[in-house]
file input-v3.tsv (TSV, C-alpha atoms and all ligand atoms)
chain	number	residue	atom	x	y	z
A	1	MET	CA	6.51	-17.14	-3.91
A	2	THR	CA	7.49	-18.34	-0.45
A	3	GLY	CA	10.58	-19.72	1.21
A	4	ALA	CA	11.49	-23.34	1.82
A	5	GLU	CA	9.04	-25.69	3.55
A	6	THR	CA	9.88	-26.15	7.26
A	7	PRO	CA	9.82	-29.64	8.82
A	8	THR	CA	6.89	-28.67	11.05
A	9	GLY	CA	4.70	-26.37	9.03
A	10	PRO	CA	4.19	-24.08	6.09
A	11	ALA	CA	7.01	-22.35	4.27
A	12	LEU	CA	8.57	-19.35	6.00
A	13	PRO	CA	8.98	-16.12	4.02
A	14	ARG	CA	12.49	-14.94	3.17
A	15	THR	CA	11.60	-11.40	1.98
A	16	ILE	CA	8.49	-9.33	2.59
A	17	ASP	CA	7.51	-9.96	-1.00
A	18	ASP	CA	7.06	-13.61	0.02
A	19	VAL	CA	4.32	-12.51	2.48
A	20	PRO	CA	0.84	-12.21	0.94
A	21	GLY	CA	-0.68	-8.74	1.25
A	22	TRP	CA	-1.21	-5.40	-0.44
A	23	PHE	CA	1.90	-3.43	0.33
A	24	PHE	CA	3.78	-2.48	-2.78
A	25	ARG	CA	7.02	-0.84	-3.85
A	26	ALA	CA	6.00	2.87	-3.74
A	27	ASP	CA	4.58	2.43	-0.22
A	28	GLN	CA	7.47	0.30	1.00
A	29	GLU	CA	9.78	3.13	-0.09
A	30	ALA	CA	7.54	5.87	1.31
A	31	PHE	CA	7.17	4.16	4.72
A	32	SER	CA	10.94	3.71	4.93
A	33	TRP	CA	11.63	7.27	3.85
A	34	PHE	CA	9.22	8.83	6.41
A	35	LEU	CA	10.37	6.58	9.24
A	36	ASP	CA	14.08	7.08	8.48
A	37	ARG	CA	13.56	10.84	8.29
A	38	GLN	CA	12.01	10.78	11.76
A	39	THR	CA	14.90	8.75	13.14
A	40	GLU	CA	17.48	11.04	11.52
A	41	ALA	CA	15.69	14.08	12.97
A	42	GLY	CA	15.74	12.51	16.44
A	43	VAL	CA	11.93	12.14	16.50
A	44	THR	CA	10.96	9.23	18.71
A	45	GLY	CA	7.56	7.70	19.30
A	46	ASN	CA	5.62	4.48	19.04
A	47	LEU	CA	4.37	2.74	15.90
A	48	LEU	CA	0.79	1.57	15.46
A	49	GLU	CA	-0.88	-0.49	12.75
A	50	LEU	CA	-4.62	-1.03	12.40
A	51	GLY	CA	-5.13	-3.98	10.04
A	52	THR	CA	-2.18	-6.31	9.75
A	53	TYR	CA	-3.35	-9.39	7.85
A	54	LEU	CA	-0.35	-11.72	7.41
A	55	GLY	CA	2.18	-9.08	8.38
A	56	ARG	CA	3.55	-7.72	5.11
A	57	SER	CA	3.49	-4.05	6.16
A	58	ALA	CA	4.02	-4.83	9.87
A	59	ILE	CA	7.31	-6.59	9.11
A	60	LEU	CA	8.65	-3.44	7.45
A	61	LEU	CA	7.33	-1.21	10.27
A	62	GLY	CA	9.04	-3.48	12.80
A	63	ARG	CA	12.39	-2.86	11.09
A	64	HIS	CA	12.11	0.83	11.98
A	65	LEU	CA	11.36	0.29	15.67
A	66	ARG	CA	14.02	1.93	17.81
A	67	SER	CA	15.04	1.20	21.36
A	68	GLY	CA	12.51	2.52	23.87
A	69	GLU	CA	9.68	2.56	21.30
A	70	THR	CA	6.76	0.12	21.13
A	71	PHE	CA	4.95	-1.31	18.14
A	72	THR	CA	1.27	-2.28	18.47
A	73	VAL	CA	-0.78	-4.06	15.83
A	74	CYS	CA	-4.56	-4.45	15.99
A	75	ASP	CA	-6.42	-6.99	13.85
A	76	LEU	CA	-9.37	-9.33	14.16
A	77	PHE	CA	-7.27	-12.18	12.69
A	78	ASP	CA	-9.44	-15.27	13.20
A	79	SER	CA	-11.98	-13.75	15.63
A	80	GLU	CA	-15.47	-12.45	14.93
A	81	ALA	CA	-16.12	-9.10	13.29
A	82	PRO	CA	-18.17	-6.59	15.31
A	83	ASP	CA	-21.03	-6.18	12.77
A	84	ASP	CA	-22.60	-7.90	9.75
A	85	GLU	CA	-21.08	-5.61	7.11
A	86	ASN	CA	-17.60	-6.04	8.54
A	87	SER	CA	-18.22	-9.79	8.78
A	88	ALA	CA	-19.18	-9.92	5.08
A	89	GLU	CA	-16.05	-7.92	4.20
A	90	MET	CA	-13.91	-10.38	6.18
A	91	SER	CA	-15.46	-13.48	4.57
A	92	MET	CA	-15.03	-12.02	1.11
A	93	SER	CA	-11.44	-10.90	1.46
A	94	TYR	CA	-9.45	-12.67	4.16
A	95	ARG	CA	-11.06	-15.64	5.87
A	96	ASP	CA	-9.43	-18.56	4.09
A	97	SER	CA	-5.86	-17.63	4.76
A	98	LEU	CA	-5.86	-15.45	7.87
A	99	THR	CA	-4.93	-16.63	11.34
A	100	ARG	CA	-3.06	-14.90	14.13
A	101	ARG	CA	-0.62	-17.82	14.19
A	102	ALA	CA	0.20	-17.33	10.50
A	103	PHE	CA	0.85	-13.61	11.12
A	104	GLU	CA	3.07	-14.39	14.11
A	105	ALA	CA	5.07	-17.01	12.19
A	106	ASN	CA	5.66	-14.58	9.34
A	107	TYR	CA	6.66	-11.76	11.68
A	108	LEU	CA	9.05	-13.96	13.66
A	109	ALA	CA	10.77	-14.98	10.42
A	110	PHE	CA	12.13	-11.40	10.34
A	111	HIS	CA	12.17	-10.20	13.95
A	112	GLU	CA	13.15	-11.67	17.30
A	113	GLU	CA	10.10	-10.39	19.16
A	114	LEU	CA	6.45	-9.95	18.30
A	115	PRO	CA	4.85	-6.52	18.53
A	116	THR	CA	2.07	-5.99	21.05
A	117	VAL	CA	-0.88	-7.74	19.42
A	118	VAL	CA	-4.44	-6.54	20.05
A	119	GLN	CA	-6.74	-9.17	18.57
A	120	ALA	CA	-9.99	-7.19	18.50
A	121	PRO	CA	-11.98	-4.70	16.42
A	122	THR	CA	-10.01	-1.49	15.99
A	123	SER	CA	-12.82	0.37	17.77
A	124	VAL	CA	-11.42	-0.93	21.10
A	125	LEU	CA	-8.43	1.38	20.61
A	126	ALA	CA	-10.69	4.36	21.28
A	127	ASP	CA	-10.70	3.33	24.98
A	128	GLY	CA	-7.46	5.17	25.67
A	129	ARG	CA	-5.12	2.15	25.74
A	130	ILE	CA	-2.89	3.98	23.21
A	131	PRO	CA	-1.67	7.04	25.12
A	132	THR	CA	-2.51	10.38	23.51
A	133	ALA	CA	0.26	11.82	21.30
A	134	SER	CA	2.49	8.76	21.85
A	135	CYS	CA	2.97	7.64	18.23
A	136	ARG	CA	5.11	8.97	15.40
A	137	PHE	CA	3.56	6.77	12.70
A	138	VAL	CA	0.13	5.11	12.36
A	139	HIS	CA	-0.89	2.84	9.48
A	140	VAL	CA	-4.68	2.54	9.02
A	141	ASP	CA	-5.50	-0.54	6.91
A	142	ALA	CA	-8.26	-2.46	8.73
A	143	SER	CA	-11.94	-2.43	7.68
A	144	HIS	CA	-12.53	-0.38	4.53
A	145	LEU	CA	-16.12	0.54	5.50
A	146	TYR	CA	-16.84	4.23	6.08
A	147	GLU	CA	-17.89	4.13	9.77
A	148	HIS	CA	-14.90	1.99	10.71
A	149	VAL	CA	-12.38	4.09	8.79
A	150	ALA	CA	-13.76	7.37	10.16
A	151	GLY	CA	-13.33	5.94	13.68
A	152	ASP	CA	-9.83	4.63	12.89
A	153	ILE	CA	-8.78	8.08	11.64
A	154	GLN	CA	-9.89	9.56	14.96
A	155	VAL	CA	-7.88	6.90	16.81
A	156	ALA	CA	-4.86	7.83	14.67
A	157	ARG	CA	-5.34	11.53	15.36
A	158	GLU	CA	-5.45	10.98	19.13
A	159	ALA	CA	-2.46	8.62	19.01
A	160	LEU	CA	-0.17	10.79	16.88
A	161	SER	CA	2.37	13.22	18.26
A	162	LYS	CA	2.51	16.75	16.86
A	163	ASP	CA	4.23	16.08	13.52
A	164	GLY	CA	3.37	12.37	13.40
A	165	LEU	CA	2.28	10.81	10.13
A	166	VAL	CA	-0.74	8.69	9.24
A	167	ALA	CA	-0.87	6.36	6.20
A	168	LEU	CA	-4.43	5.55	5.07
A	169	ASP	CA	-4.90	2.56	2.80
A	170	ASP	CA	-7.16	2.26	-0.24
A	171	TYR	CA	-8.33	5.88	-0.28
A	172	ARG	CA	-9.19	5.70	-4.00
A	173	SER	CA	-10.03	2.11	-5.00
A	174	GLU	CA	-13.17	1.25	-6.90
A	175	HIS	CA	-14.35	-1.11	-4.13
A	176	THR	CA	-13.62	1.27	-1.21
A	177	PRO	CA	-15.72	4.45	-1.59
A	178	GLY	CA	-16.16	4.55	2.19
A	179	VAL	CA	-12.43	5.02	2.69
A	180	ALA	CA	-12.38	7.86	0.15
A	181	ALA	CA	-15.29	9.54	1.97
A	182	ALA	CA	-13.64	9.22	5.39
A	183	VAL	CA	-10.22	10.39	4.18
A	184	TRP	CA	-11.37	13.53	2.36
A	185	GLU	CA	-13.79	14.31	5.19
A	186	ALA	CA	-10.78	14.26	7.53
A	187	VAL	CA	-9.00	16.69	5.18
A	188	PHE	CA	-11.82	19.15	4.65
A	189	ASP	CA	-13.53	18.98	8.07
A	190	HIS	CA	-10.90	17.78	10.54
A	191	GLY	CA	-7.64	19.48	9.59
A	192	LEU	CA	-5.72	16.53	8.12
A	193	ARG	CA	-3.06	17.84	5.70
A	194	PRO	CA	-2.07	15.73	2.69
A	195	VAL	CA	1.65	14.97	2.43
A	196	LEU	CA	1.77	12.32	-0.30
A	197	LEU	CA	-0.54	10.21	-2.44
A	198	THR	CA	0.46	6.85	-3.92
A	199	PRO	CA	-1.82	4.56	-5.93
A	200	SER	CA	-2.65	2.68	-2.69
A	201	LYS	CA	-2.22	5.09	0.20
A	202	PHE	CA	-2.83	8.63	1.40
A	203	TYR	CA	-0.18	10.05	3.75
A	204	GLY	CA	-1.10	12.98	5.97
A	205	THR	CA	-0.33	14.84	9.17
A	206	TRP	CA	-2.11	17.12	11.59
A	207	GLY	CA	1.27	18.80	12.06
A	208	ASP	CA	3.74	20.54	9.75
A	209	ALA	CA	3.05	19.11	6.27
A	210	ASP	CA	5.15	21.73	4.47
A	211	SER	CA	8.53	20.76	5.93
A	212	LEU	CA	7.79	17.05	5.42
A	213	ILE	CA	6.92	17.70	1.77
A	214	ARG	CA	9.96	19.92	1.25
A	215	ASP	CA	12.29	17.18	2.51
A	216	PHE	CA	10.45	14.51	0.57
A	217	LEU	CA	10.87	16.45	-2.67
A	218	ALA	CA	14.60	16.93	-2.03
A	219	ARG	CA	15.07	13.27	-3.00
A	220	ASP	CA	15.16	12.84	-6.78
A	221	TRP	CA	12.46	10.16	-7.00
A	222	ARG	CA	12.18	10.49	-10.79
A	223	ALA	CA	15.88	9.71	-11.24
A	224	GLU	CA	15.22	6.45	-9.39
A	225	GLY	CA	12.44	5.47	-11.81
A	226	PHE	CA	9.39	6.64	-9.85
A	227	ARG	CA	6.64	8.75	-11.37
A	228	MET	CA	6.01	11.97	-9.49
A	229	ASP	CA	3.53	14.75	-10.18
A	230	SER	CA	1.24	17.08	-8.29
A	231	GLU	CA	-2.24	18.54	-8.23
A	232	ILE	CA	-3.95	21.18	-6.07
A	233	ILE	CA	-7.02	19.89	-4.24
A	234	GLY	CA	-9.03	22.41	-2.22
A	235	GLY	CA	-5.94	24.54	-1.65
A	236	HIS	CA	-3.67	21.59	-0.73
A	237	THR	CA	-0.86	20.76	-3.13
A	238	CYS	CA	-0.95	16.97	-3.29
A	239	TYR	CA	2.15	15.13	-4.57
A	240	ARG	CA	1.66	11.76	-6.21
A	241	LEU	CA	4.33	9.07	-6.23
A	242	ALA	CA	4.00	5.87	-8.25
A	243	TRP	CA	6.15	2.95	-9.29
A	244	ASP	CA	5.40	1.00	-12.45
A	245	ASP	CA	6.38	-2.58	-11.88
A	246	PRO	CA	8.44	-3.56	-14.91
A	247	VAL	CA	7.52	-7.26	-14.54
A	248	PRO	CA	4.71	-8.12	-17.00
A	249	SER	CA	1.52	-9.05	-15.13
A	250	PRO	CA	-1.60	-10.78	-16.50
A	251	GLN	CA	-3.21	-7.32	-16.85
A	252	ARG	CA	-0.26	-5.97	-18.87
A	253	ARG	CA	0.58	-8.70	-21.34
A	254	PRO	CA	3.65	-8.11	-23.51
A	255	ALA	CA	2.89	-7.01	-27.08
A	256	PRO	CA	2.87	-9.95	-29.51
A	257	GLN	CA	6.11	-10.33	-31.46
A	258	ARG	CA	5.99	-8.92	-35.00
A	259	SER	CA	8.42	-9.59	-37.84
A	260	ALA	CA	10.81	-6.75	-38.73
A	261	SER	CA	9.11	-6.16	-42.12
A	262	ARG	CA	5.69	-6.00	-40.46
A	263	ARG	CA	6.90	-3.61	-37.74
A	264	LEU	CA	8.40	-1.35	-40.42
A	265	ALA	CA	5.25	-1.42	-42.57
A	266	LEU	CA	3.00	-0.61	-39.59
A	267	ALA	CA	5.31	2.20	-38.50
A	268	VAL	CA	5.76	4.05	-41.75
A	269	LEU	CA	2.62	3.50	-43.85
A	270	PRO	CA	-0.68	5.40	-43.54
A	271	PRO	CA	-3.56	3.40	-41.92
A	272	VAL	CA	-5.39	2.69	-45.18
A	273	VAL	CA	-2.22	1.10	-46.64
A	274	THR	CA	-1.35	-0.81	-43.44
A	275	LYS	CA	-4.84	-2.37	-43.55
A	276	ALA	CA	-4.06	-3.69	-47.03
A	277	VAL	CA	-0.63	-4.90	-45.80
A	278	ARG	CA	-2.31	-6.66	-42.86
A	279	ARG	CA	-4.76	-8.37	-45.25
A	280	GLN	CA	-1.89	-9.55	-47.47
A	281	LEU	CA	0.14	-10.82	-44.52
A	282	GLN	CA	-2.87	-12.70	-43.15
A	283	ALA	CA	-3.54	-14.22	-46.61
A	284	SER	CA	0.06	-15.42	-46.89
A	285	ARG	CA	-0.10	-16.87	-43.31
A	286	ASP	CA	-3.33	-18.69	-44.28
A	287	ARG	CA	-1.66	-20.04	-47.42
A	288	ARG	CA	1.32	-21.30	-45.37
A	289	ALA	CA	-1.02	-22.93	-42.83
A	290	ALA	CA	-2.95	-24.69	-45.61
A	291	HIS	CA	0.26	-26.40	-46.89
B	301	LIG	C1	-6.10	-5.10	3.87
B	301	LIG	S1	-5.79	-6.15	5.20
B	301	LIG	C2	-4.32	-5.51	5.89
B	301	LIG	C3	-3.16	-5.66	4.98
B	301	LIG	C4	-1.80	-5.44	5.61
B	301	LIG	N1	-1.68	-4.13	6.24
B	301	LIG	C5	-0.73	-5.64	4.54
B	301	LIG	O1	-0.07	-4.69	4.17
B	301	LIG	O2	-0.58	-6.76	4.05
B	301	LIG	C6	-7.04	-5.69	6.34
B	301	LIG	C7	-6.95	-6.38	7.69
B	301	LIG	O3	-7.88	-5.69	8.53
B	301	LIG	C8	-8.48	-6.63	9.39
B	301	LIG	N2	-9.77	-6.06	9.83
B	301	LIG	C9	-10.91	-5.90	9.10
B	301	LIG	N3	-11.86	-5.31	9.85
B	301	LIG	C10	-11.31	-5.09	11.07
B	301	LIG	C11	-11.77	-4.50	12.28
B	301	LIG	N4	-13.03	-4.01	12.40
B	301	LIG	N5	-10.94	-4.45	13.34
B	301	LIG	C12	-9.66	-4.95	13.25
B	301	LIG	N6	-9.17	-5.50	12.13
B	301	LIG	C13	-9.97	-5.58	11.06
B	301	LIG	C14	-8.58	-7.90	8.58
B	301	LIG	O4	-8.59	-9.02	9.46
B	301	LIG	C15	-7.33	-7.84	7.71
B	301	LIG	O5	-6.30	-8.58	8.28

call {"tool": "encode", "arguments": {"input": "input-v3.tsv", "output": "C-alpha cells"}}
result
Amino acid sequence: MTGAETPTGPALPRTIDDVPGWFFRADQEAFSWFLDRQTEAGVTGNLLELGTYLGRSAILLGRHLRSGETFTVCDLFDSEAPDDENSAEMSMSYRDSLTRRAFEANYLAFHEELPTVVQAPTSVLADGRIPTASCRFVHVDASHLYEHVAGDIQVAREALSKDGLVALDDYRSEHTPGVAAAVWEAVFDHGLRPVLLTPSKFYGTWGDADSLIRDFLARDWRAEGFRMDSEIIGGHTCYRLAWDDPVPSPQRRPAPQRSASRRLALAVLPPVVTKAVRRQLQASRDRRAAH
C-alpha cells in the first residue's frame, strides 16, 4: 500500500512498509536494537549499505545516522550489471520497478538529505573509497551470487570498526545458495562470529560477539511476541529471532469456518467415527443443495 498520489508523480510512501522491498519486522527491530545500542554506548561510525533497491532498509538506517557520521549506499539502480549472471539476476528480480530516482524520492519522503549514493557495482568499493575501520554498521544486500557476496563481505570487513556489525541478507533462502556458501565460509575460514540469525539475515562481527549477544538477550524478546531459540554451529552458539506476522497471507489461509457441532465431533471422536460423521454431514449438505 502506498501514500496519496502527488500532483507531479507517483504516490509517496508514508511508512517504510509502504516502500517495496524485503525488510521485515524481525530485521527492522534487530537493526534498530543494534544501532541504538551503539549510540547508547557512545560508539560512533559511518553506515554503509550494499544493495538498496527502493530504499526500504536504507530509510530505517538513515534514521539512526548521528551528527558527524556519513551514510553511503551502493546500488546499480538503473545501470548495467558487471557480468552476465548478475545481469540475469537483475532482469529477473528488479528491472521493472527500479530506478535511482524512485529510490531518491522514497528516501526524501522520510529524510531531508540523501545519503552518499554510489551508483555502481559493489566491487568498486574495494578501491579504498570507504576508509578502513570507519563504519559501525554495514548491510550487505546486493547481488546474491557467491563471488559477489564473498567480495562484499570482504568490503564489509575492511570497512567495519573493531566491534562493528555486519548484516548479511538471504543467507538461507532456497534461491540463494551462493550467499549461504559465502556467509558460512566467512565464519569458518575468515573469523566472522555469528551474533544473531533471523529468517532473512545473518548478523555477525569480527569483534566482541559475546557482549553483543549478552546485551541482546537481556531484552525479553519472547514477552514481546518474538520467537527466540538457539543452536550450536561449529562451536558458535547461534541465536535465532523470528516474528510471525499475524496477518493472514495467501500462503497461510485461515482455516475454513466449521459449525459448533462439527468442531465438537471432530475434536472428541476417534478418527474412524469422525470419518462417518463427515460422510453424514456431507450427505445432509448434498440433500440441502438438491432442494
Ligand atoms: C534485494 S535488493 C535490496 C533490498 C533492500 N536492501 C531492501 O531492504 O529493500 C538487491 C539490490 O542489489 C542491487 N544489486 C544487484 N547486484 C548488484 C551489484 N553487483 N552491485 C550493486 N548493486 C547490486 C539491485 O539493484 C537491488 O537494488

call {"tool": "atom_distance", "arguments": {"input": "input-v3.tsv", "atom1": "atom CA of Trp33 of chain A", "atom2": "atom N1 of ligand LIG 301 (chain B)"}}
result
17.7 Å

call {"tool": "closest_residue", "arguments": {"input": "input-v3.tsv", "among": "A:Phe24, A:Phe77, A:Phe31, A:Phe71", "to": "ligand LIG 301 (chain B)", "atoms": "all atoms listed in the file"}}
result
A:Phe77

call {"tool": "residues_around", "arguments": {"input": "input-v3.tsv", "residues": "His236 of chain A", "least_positions_apart": "6", "cutoff": "12 Å", "atoms": "only C-alpha atoms", "output": "list in words"}}
result
Trp184, Val187, Phe188, Gly191, Leu192, Arg193, Pro194, Val195, Leu196, Leu197, Gly204, Ala209, Asp210, Ile213 and Ser230 of chain A

call {"tool": "residues_around", "arguments": {"input": "input-v3.tsv", "residues": "segment 34-42 of chain A", "least_positions_apart": "6", "cutoff": "9 Å", "atoms": "all atoms listed in the file", "output": "PDB file with C-alpha atoms, in the frame of the given file"}}
result
ATOM      1  CA  LEU A  61       7.330  -1.210  10.270  1.00  0.00           C
ATOM      2  CA  HIS A  64      12.110   0.830  11.980  1.00  0.00           C
ATOM      3  CA  ARG A  66      14.020   1.930  17.810  1.00  0.00           C
ATOM      4  CA  ARG A 136       5.110   8.970  15.400  1.00  0.00           C
ATOM      5  CA  PHE A 137       3.560   6.770  12.700  1.00  0.00           C
ATOM      6  CA  GLY A 164       3.370  12.370  13.400  1.00  0.00           C
ATOM      7  CA  LEU A 165       2.280  10.810  10.130  1.00  0.00           C
ATOM      8  CA  LEU A 212       7.790  17.050   5.420  1.00  0.00           C
ATOM      9  CA  ASP A 215      12.290  17.180   2.510  1.00  0.00           C
ATOM     10  CA  PHE A 216      10.450  14.510   0.570  1.00  0.00           C
TER      11      PHE A 216
END

call {"tool": "residues_near_ligand", "arguments": {"input": "input-v3.tsv", "ligand": "ligand LIG 301 (chain B)", "cutoff": "7 Å", "atoms": "all atoms listed in the file", "output": "ChimeraX atom specification"}}
result
/A:20-23,50-58,74-77,81-82,86,90,94,98,120-123,141-143,148
